[in-house]
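> My questions will all concern the structure given below.
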Amino acid sequence: MKKVFSISLLAILLCGNNGFAQINVSKIIKQATAVANPSSDEIASAIKEALSNGVSSSTSKLSATDGFLKNLAIKILLPPEAQKAEKALRGLGLNQLCDNTITSLNRAAEAAAKEALPIFVSSIKQMQFTDAKNILLSKEKDAGTKYFKGATTEQLTAAFKPIIQSSLNKVGSTKYWAEFSTRYNKIPFATKINPDLNAYVTQKALDGLFLEIASEELKIRDNSVFRQSALLQKVFGYADKLR
């Protein structure tokens with residue numbers, strides 16, 4: 001508003017001092033306003049840039065060693081039906097077995113997270129302007145993340161499952177889980193456990209990934225410090241004014 005006022009005032013002064021009566025002040029104001037508002041292309045580009053930054057940061061963090069294990073918000077614990085078994089085994093002094101099993105589940109998720117970025121990038125490239133505008137102006141601060149869930153969950157699940165299974169075997173989860181369940185199932189009157197470990201870890205890995213992406217999205221929406229380009233500053237600043 002200050003910028004528009006300054007430009008219009010300058011136009012009036014020019015008219016008064018130099019006799020340029022032909023200057024259309026209202027036209028100047030409209031032009032100044034147009035410059036202040038982002039174009040459709042700018043909105044689409046900014047949303048794609050913001051989402052690209054978010055998924056790149058998220059997948060990098062989560063695919064690192066301890067990316068899942070040391071993040072308490074997304075750390076993968078044993079399946080709910082196995083947590084009673086965990087308590088019983090720890091009571092028998094088998095803490096190391098329980099810890100190794102949990103660590104191996106998170107290592108599998110960390111390995112799978114490396115494969116997520118190309119899928120997200122492909123989804124971003126296919127995004128239409130309407131999608132970008134809806135994400136930008138949505139009152140839901142995880143609108144971009146919800147878009148990803150709808151557009152990529154099926155593909156991510158298909159990509160993650162074989163990686164998770166391979167990782168479960170490689171990092172010892174299969175071995176640890178076999179020993180874990182065997183030990184527990186030998187306890188008299190214990191309810192037998194044998195959950196689908198691959199499906200469980202795949203779902204928890206996706207949940208953690210989307211939670212981290214939502215966190216990155218929130219940073220850009222709520223804090224201009226994280227809008228690290230002129231385009232992001234302009235487009236998200238525009239959205240701030242409309243809310």
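We label chains A, B, ... in the order they appear in the structure tokens, count residues from 1 in each chain, and number ligands from 1 in the order shown.
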Skip region 61-77 of chain A itself and residues of its chain fewer than 4 positions away, then list as a ChimeraX atom specification all residues within 7 Å of it, counting only C-alpha atoms.
/A:57,102-103,105-106,110-111,113-114,204,208
> Any chance you could export the current selection's N, CA and C atoms as a PDB file, in the first residue's frame?

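Final file, selection-v4.pdb:
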ATOM      1  N   SER A  57      14.823 -31.557   1.641  1.00  0.00           N
ATOM      2  CA  SER A  57      15.301 -31.486   3.017  1.00  0.00           C
ATOM      3  C   SER A  57      14.822 -32.688   3.825  1.00  0.00           C
ATOM      4  N   ILE A 102      14.225 -53.011  17.305  1.00  0.00           N
ATOM      5  CA  ILE A 102      13.705 -51.658  17.037  1.00  0.00           C
ATOM      6  C   ILE A 102      14.666 -50.875  16.146  1.00  0.00           C
ATOM      7  N   THR A 103      15.960 -50.966  16.426  1.00  0.00           N
ATOM      8  CA  THR A 103      16.950 -50.265  15.603  1.00  0.00           C
ATOM      9  C   THR A 103      16.877 -50.739  14.161  1.00  0.00           C
ATOM     10  N   LEU A 105      14.367 -51.928  12.486  1.00  0.00           N
ATOM     11  CA  LEU A 105      13.167 -51.420  11.808  1.00  0.00           C
ATOM     12  C   LEU A 105      13.405 -50.002  11.296  1.00  0.00           C
ATOM     13  N   ASN A 106      14.047 -49.179  12.102  1.00  0.00           N
ATOM     14  CA  ASN A 106      14.311 -47.795  11.717  1.00  0.00           C
ATOM     15  C   ASN A 106      15.377 -47.699  10.633  1.00  0.00           C
ATOM     16  N   GLU A 110      15.007 -45.808   7.024  1.00  0.00           N
ATOM     17  CA  GLU A 110      16.009 -44.832   6.564  1.00  0.00           C
ATOM     18  C   GLU A 110      16.504 -45.177   5.163  1.00  0.00           C
ATOM     19  N   ALA A 111      16.675 -46.464   4.908  1.00  0.00           N
ATOM     20  CA  ALA A 111      17.115 -46.901   3.582  1.00  0.00           C
ATOM     21  C   ALA A 111      16.052 -46.605   2.528  1.00  0.00           C
ATOM     22  N   ALA A 113      13.768 -44.252   2.586  1.00  0.00           N
ATOM     23  CA  ALA A 113      13.562 -42.805   2.403  1.00  0.00           C
ATOM     24  C   ALA A 113      14.412 -42.240   1.266  1.00  0.00           C
ATOM     25  N   LYS A 114      15.533 -42.889   0.986  1.00  0.00           N
ATOM     26  CA  LYS A 114      16.413 -42.420  -0.089  1.00  0.00           C
ATOM     27  C   LYS A 114      15.718 -42.474  -1.449  1.00  0.00           C
ATOM     28  N   LYS A 204       4.712 -47.076   8.488  1.00  0.00           N
ATOM     29  CA  LYS A 204       5.318 -46.169   9.464  1.00  0.00           C
ATOM     30  C   LYS A 204       6.364 -45.273   8.794  1.00  0.00           C
ATOM     31  N   GLY A 208       6.073 -41.199   8.741  1.00  0.00           N
ATOM     32  CA  GLY A 208       7.170 -40.348   9.194  1.00  0.00           C
ATOM     33  C   GLY A 208       7.616 -39.374   8.121  1.00  0.00           C
TER      34      GLY A 208
END
> So which residues touch Glu42 (chain A) within 10 Å, counting only C-alpha atoms, skipping near sequence neighbours fewer than 2 positions away, as a list in words?
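Near Glu42 (chain A), the qualifying residues are Asn37, Pro38, Ser39, Ser40, Ala44, Ser45, Ala46, Ile47, Lys48, Phe129, Leu231, Leu232, Lys234 and Val235 of chain A.
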> Counting only C-alpha atoms, figure out which residue out of A:Glu49, A:Glu86, A:Glu115, A:Asp142 gets nearest to Glu217 (chain A).
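Residue with the minimum atom-to-atom distance to Glu217 (chain A): A:Asp142.
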> Output as a PyMOL selection string all residues of region 7-230 of chain A that backbone DSSP marks as helix (DSSP H, G or I).
chain A and resi 7-18+25-36+40-63+80-91+95-113+116-125+129-137+143-170+173-185+197-222+224-226+230
> Contacts of region 152-162 of chain A at 12 Å or less, counting only C-alpha atoms, minus same-chain residues fewer than 6 places along, as a ChimeraX atom specification?
/A:108-124,126-127,144-146,168-169,196-207,209-210
> Next, the residues of the selection above should be written as an mmCIF file, in the first residue's frame with N, CA and C atoms.

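Once written, out.cif looks like this:
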data_model
loop_
_atom_site.group_PDB
_atom_site.id
_atom_site.type_symbol
_atom_site.label_atom_id
_atom_site.label_comp_id
_atom_site.auth_asym_id
_atom_site.auth_seq_id
_atom_site.Cartn_x
_atom_site.Cartn_y
_atom_site.Cartn_z
ATOM 1 N N ALA A 108 15.732 -49.828 8.273
ATOM 2 C CA ALA A 108 15.028 -50.175 7.039
ATOM 3 C C ALA A 108 14.281 -48.960 6.493
ATOM 4 N N ALA A 109 13.635 -48.203 7.360
ATOM 5 C CA ALA A 109 12.908 -47.005 6.938
ATOM 6 C C ALA A 109 13.860 -45.950 6.392
ATOM 7 N N GLU A 110 15.007 -45.808 7.024
ATOM 8 C CA GLU A 110 16.009 -44.832 6.564
ATOM 9 C C GLU A 110 16.504 -45.177 5.163
ATOM 10 N N ALA A 111 16.675 -46.464 4.908
ATOM 11 C CA ALA A 111 17.115 -46.901 3.582
ATOM 12 C C ALA A 111 16.052 -46.605 2.528
ATOM 13 N N ALA A 112 14.797 -46.815 2.870
ATOM 14 C CA ALA A 112 13.709 -46.583 1.919
ATOM 15 C C ALA A 112 13.529 -45.100 1.610
ATOM 16 N N ALA A 113 13.768 -44.252 2.586
ATOM 17 C CA ALA A 113 13.562 -42.805 2.403
ATOM 18 C C ALA A 113 14.412 -42.240 1.266
ATOM 19 N N LYS A 114 15.533 -42.889 0.986
ATOM 20 C CA LYS A 114 16.413 -42.420 -0.089
ATOM 21 C C LYS A 114 15.718 -42.474 -1.449
ATOM 22 N N GLU A 115 14.759 -43.383 -1.578
ATOM 23 C CA GLU A 115 14.109 -43.591 -2.871
ATOM 24 C C GLU A 115 12.891 -42.700 -3.087
ATOM 25 N N ALA A 116 12.531 -41.912 -2.093
ATOM 26 C CA ALA A 116 11.298 -41.128 -2.181
ATOM 27 C C ALA A 116 11.436 -39.876 -3.047
ATOM 28 N N LEU A 117 12.609 -39.247 -3.032
ATOM 29 C CA LEU A 117 12.777 -37.947 -3.694
ATOM 30 C C LEU A 117 12.378 -37.956 -5.178
ATOM 31 N N PRO A 118 12.855 -38.906 -5.982
ATOM 32 C CA PRO A 118 12.472 -38.884 -7.413
ATOM 33 C C PRO A 118 10.958 -38.977 -7.624
ATOM 34 N N ILE A 119 10.275 -39.701 -6.751
ATOM 35 C CA ILE A 119 8.817 -39.838 -6.880
ATOM 36 C C ILE A 119 8.142 -38.507 -6.582
ATOM 37 N N PHE A 120 8.614 -37.808 -5.568
ATOM 38 C CA PHE A 120 8.067 -36.495 -5.242
ATOM 39 C C PHE A 120 8.350 -35.488 -6.357
ATOM 40 N N VAL A 121 9.555 -35.521 -6.881
ATOM 41 C CA VAL A 121 9.944 -34.589 -7.948
ATOM 42 C C VAL A 121 9.052 -34.784 -9.175
ATOM 43 N N SER A 122 8.781 -36.035 -9.513
ATOM 44 C CA SER A 122 7.907 -36.332 -10.648
ATOM 45 C C SER A 122 6.502 -35.782 -10.398
ATOM 46 N N SER A 123 6.017 -35.918 -9.178
ATOM 47 C CA SER A 123 4.691 -35.407 -8.828
ATOM 48 C C SER A 123 4.645 -33.891 -8.946
ATOM 49 N N ILE A 124 5.696 -33.226 -8.506
ATOM 50 C CA ILE A 124 5.755 -31.764 -8.573
ATOM 51 C C ILE A 124 5.734 -31.280 -10.023
ATOM 52 N N GLN A 126 4.299 -32.582 -12.496
ATOM 53 C CA GLN A 126 2.979 -32.777 -13.093
ATOM 54 C C GLN A 126 1.911 -31.865 -12.481
ATOM 55 N N MET A 127 2.278 -31.087 -11.495
ATOM 56 C CA MET A 127 1.313 -30.230 -10.803
ATOM 57 C C MET A 127 0.775 -29.137 -11.728
ATOM 58 N N GLY A 144 0.043 -28.681 1.004
ATOM 59 C CA GLY A 144 1.003 -29.263 0.070
ATOM 60 C C GLY A 144 1.286 -30.715 0.400
ATOM 61 N N THR A 145 1.415 -30.992 1.686
ATOM 62 C CA THR A 145 1.664 -32.362 2.130
ATOM 63 C C THR A 145 0.480 -33.257 1.781
ATOM 64 N N LYS A 146 -0.731 -32.748 1.961
ATOM 65 C CA LYS A 146 -1.926 -33.531 1.625
ATOM 66 C C LYS A 146 -1.996 -33.790 0.124
ATOM 67 N N LEU A 168 15.129 -54.955 5.645
ATOM 68 C CA LEU A 168 14.838 -55.762 6.828
ATOM 69 C C LEU A 168 15.749 -56.983 6.878
ATOM 70 N N ASN A 169 15.984 -57.572 5.718
ATOM 71 C CA ASN A 169 16.877 -58.726 5.654
ATOM 72 C C ASN A 169 18.331 -58.311 5.886
ATOM 73 N N ASP A 196 2.676 -58.750 9.886
ATOM 74 C CA ASP A 196 3.366 -58.518 8.618
ATOM 75 C C ASP A 196 4.330 -57.351 8.827
ATOM 76 N N LEU A 197 5.574 -57.675 9.092
ATOM 77 C CA LEU A 197 6.554 -56.649 9.449
ATOM 78 C C LEU A 197 6.817 -55.688 8.297
ATOM 79 N N ASN A 198 6.858 -56.198 7.080
ATOM 80 C CA ASN A 198 7.114 -55.354 5.916
ATOM 81 C C ASN A 198 6.033 -54.287 5.778
ATOM 82 N N ALA A 199 4.763 -54.698 5.813
ATOM 83 C CA ALA A 199 3.659 -53.746 5.663
ATOM 84 C C ALA A 199 3.666 -52.721 6.790
ATOM 85 N N TYR A 200 3.957 -53.191 7.988
ATOM 86 C CA TYR A 200 3.975 -52.294 9.152
ATOM 87 C C TYR A 200 5.065 -51.228 9.010
ATOM 88 N N VAL A 201 6.278 -51.640 8.690
ATOM 89 C CA VAL A 201 7.389 -50.688 8.589
ATOM 90 C C VAL A 201 7.192 -49.755 7.394
ATOM 91 N N THR A 202 6.662 -50.281 6.291
ATOM 92 C CA THR A 202 6.390 -49.436 5.121
ATOM 93 C C THR A 202 5.434 -48.306 5.476
ATOM 94 N N GLN A 203 4.349 -48.630 6.157
ATOM 95 C CA GLN A 203 3.360 -47.619 6.537
ATOM 96 C C GLN A 203 3.949 -46.610 7.506
ATOM 97 N N LYS A 204 4.712 -47.076 8.488
ATOM 98 C CA LYS A 204 5.318 -46.169 9.464
ATOM 99 C C LYS A 204 6.364 -45.273 8.794
ATOM 100 N N ALA A 205 7.074 -45.812 7.808
ATOM 101 C CA ALA A 205 8.066 -45.005 7.084
ATOM 102 C C ALA A 205 7.366 -43.895 6.307
ATOM 103 N N LEU A 206 6.240 -44.220 5.672
ATOM 104 C CA LEU A 206 5.479 -43.202 4.934
ATOM 105 C C LEU A 206 4.898 -42.163 5.879
ATOM 106 N N ASP A 207 4.363 -42.605 7.010
ATOM 107 C CA ASP A 207 3.821 -41.671 8.001
ATOM 108 C C ASP A 207 4.890 -40.681 8.459
ATOM 109 N N LEU A 209 7.659 -39.848 6.905
ATOM 110 C CA LEU A 209 8.076 -39.006 5.784
ATOM 111 C C LEU A 209 7.109 -37.848 5.581
ATOM 112 N N PHE A 210 5.824 -38.129 5.580
ATOM 113 C CA PHE A 210 4.825 -37.070 5.379
ATOM 114 C C PHE A 210 4.800 -36.104 6.572
#
> May I ask which of the residues A:Ala151, A:Ile187, A:Leu97, A:Leu136 is the closest one to Tyr238 (chain A), counting only C-alpha atoms?
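Between A:Ala151, A:Ile187, A:Leu97, A:Leu136, the residue approaching Tyr238 (chain A) most closely is A:Leu136.
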> Have a look at CA of Leu78 (chain A) and CA of Lys170 (chain A) and let me know their distance in Å, one decimal.
18.2 Å
> Ranking A:Leu218, A:Ile164, A:Ala85, A:Leu137 by minimum distance to Asp240 (chain A) and counting only C-alpha atoms, which one comes first?
A:Leu137
> Quick one: of A:Leu89, A:Ala143, A:Ala82, A:Val55, who's nearest to Lys186 (chain A), counting only C-alpha atoms?
A:Leu89
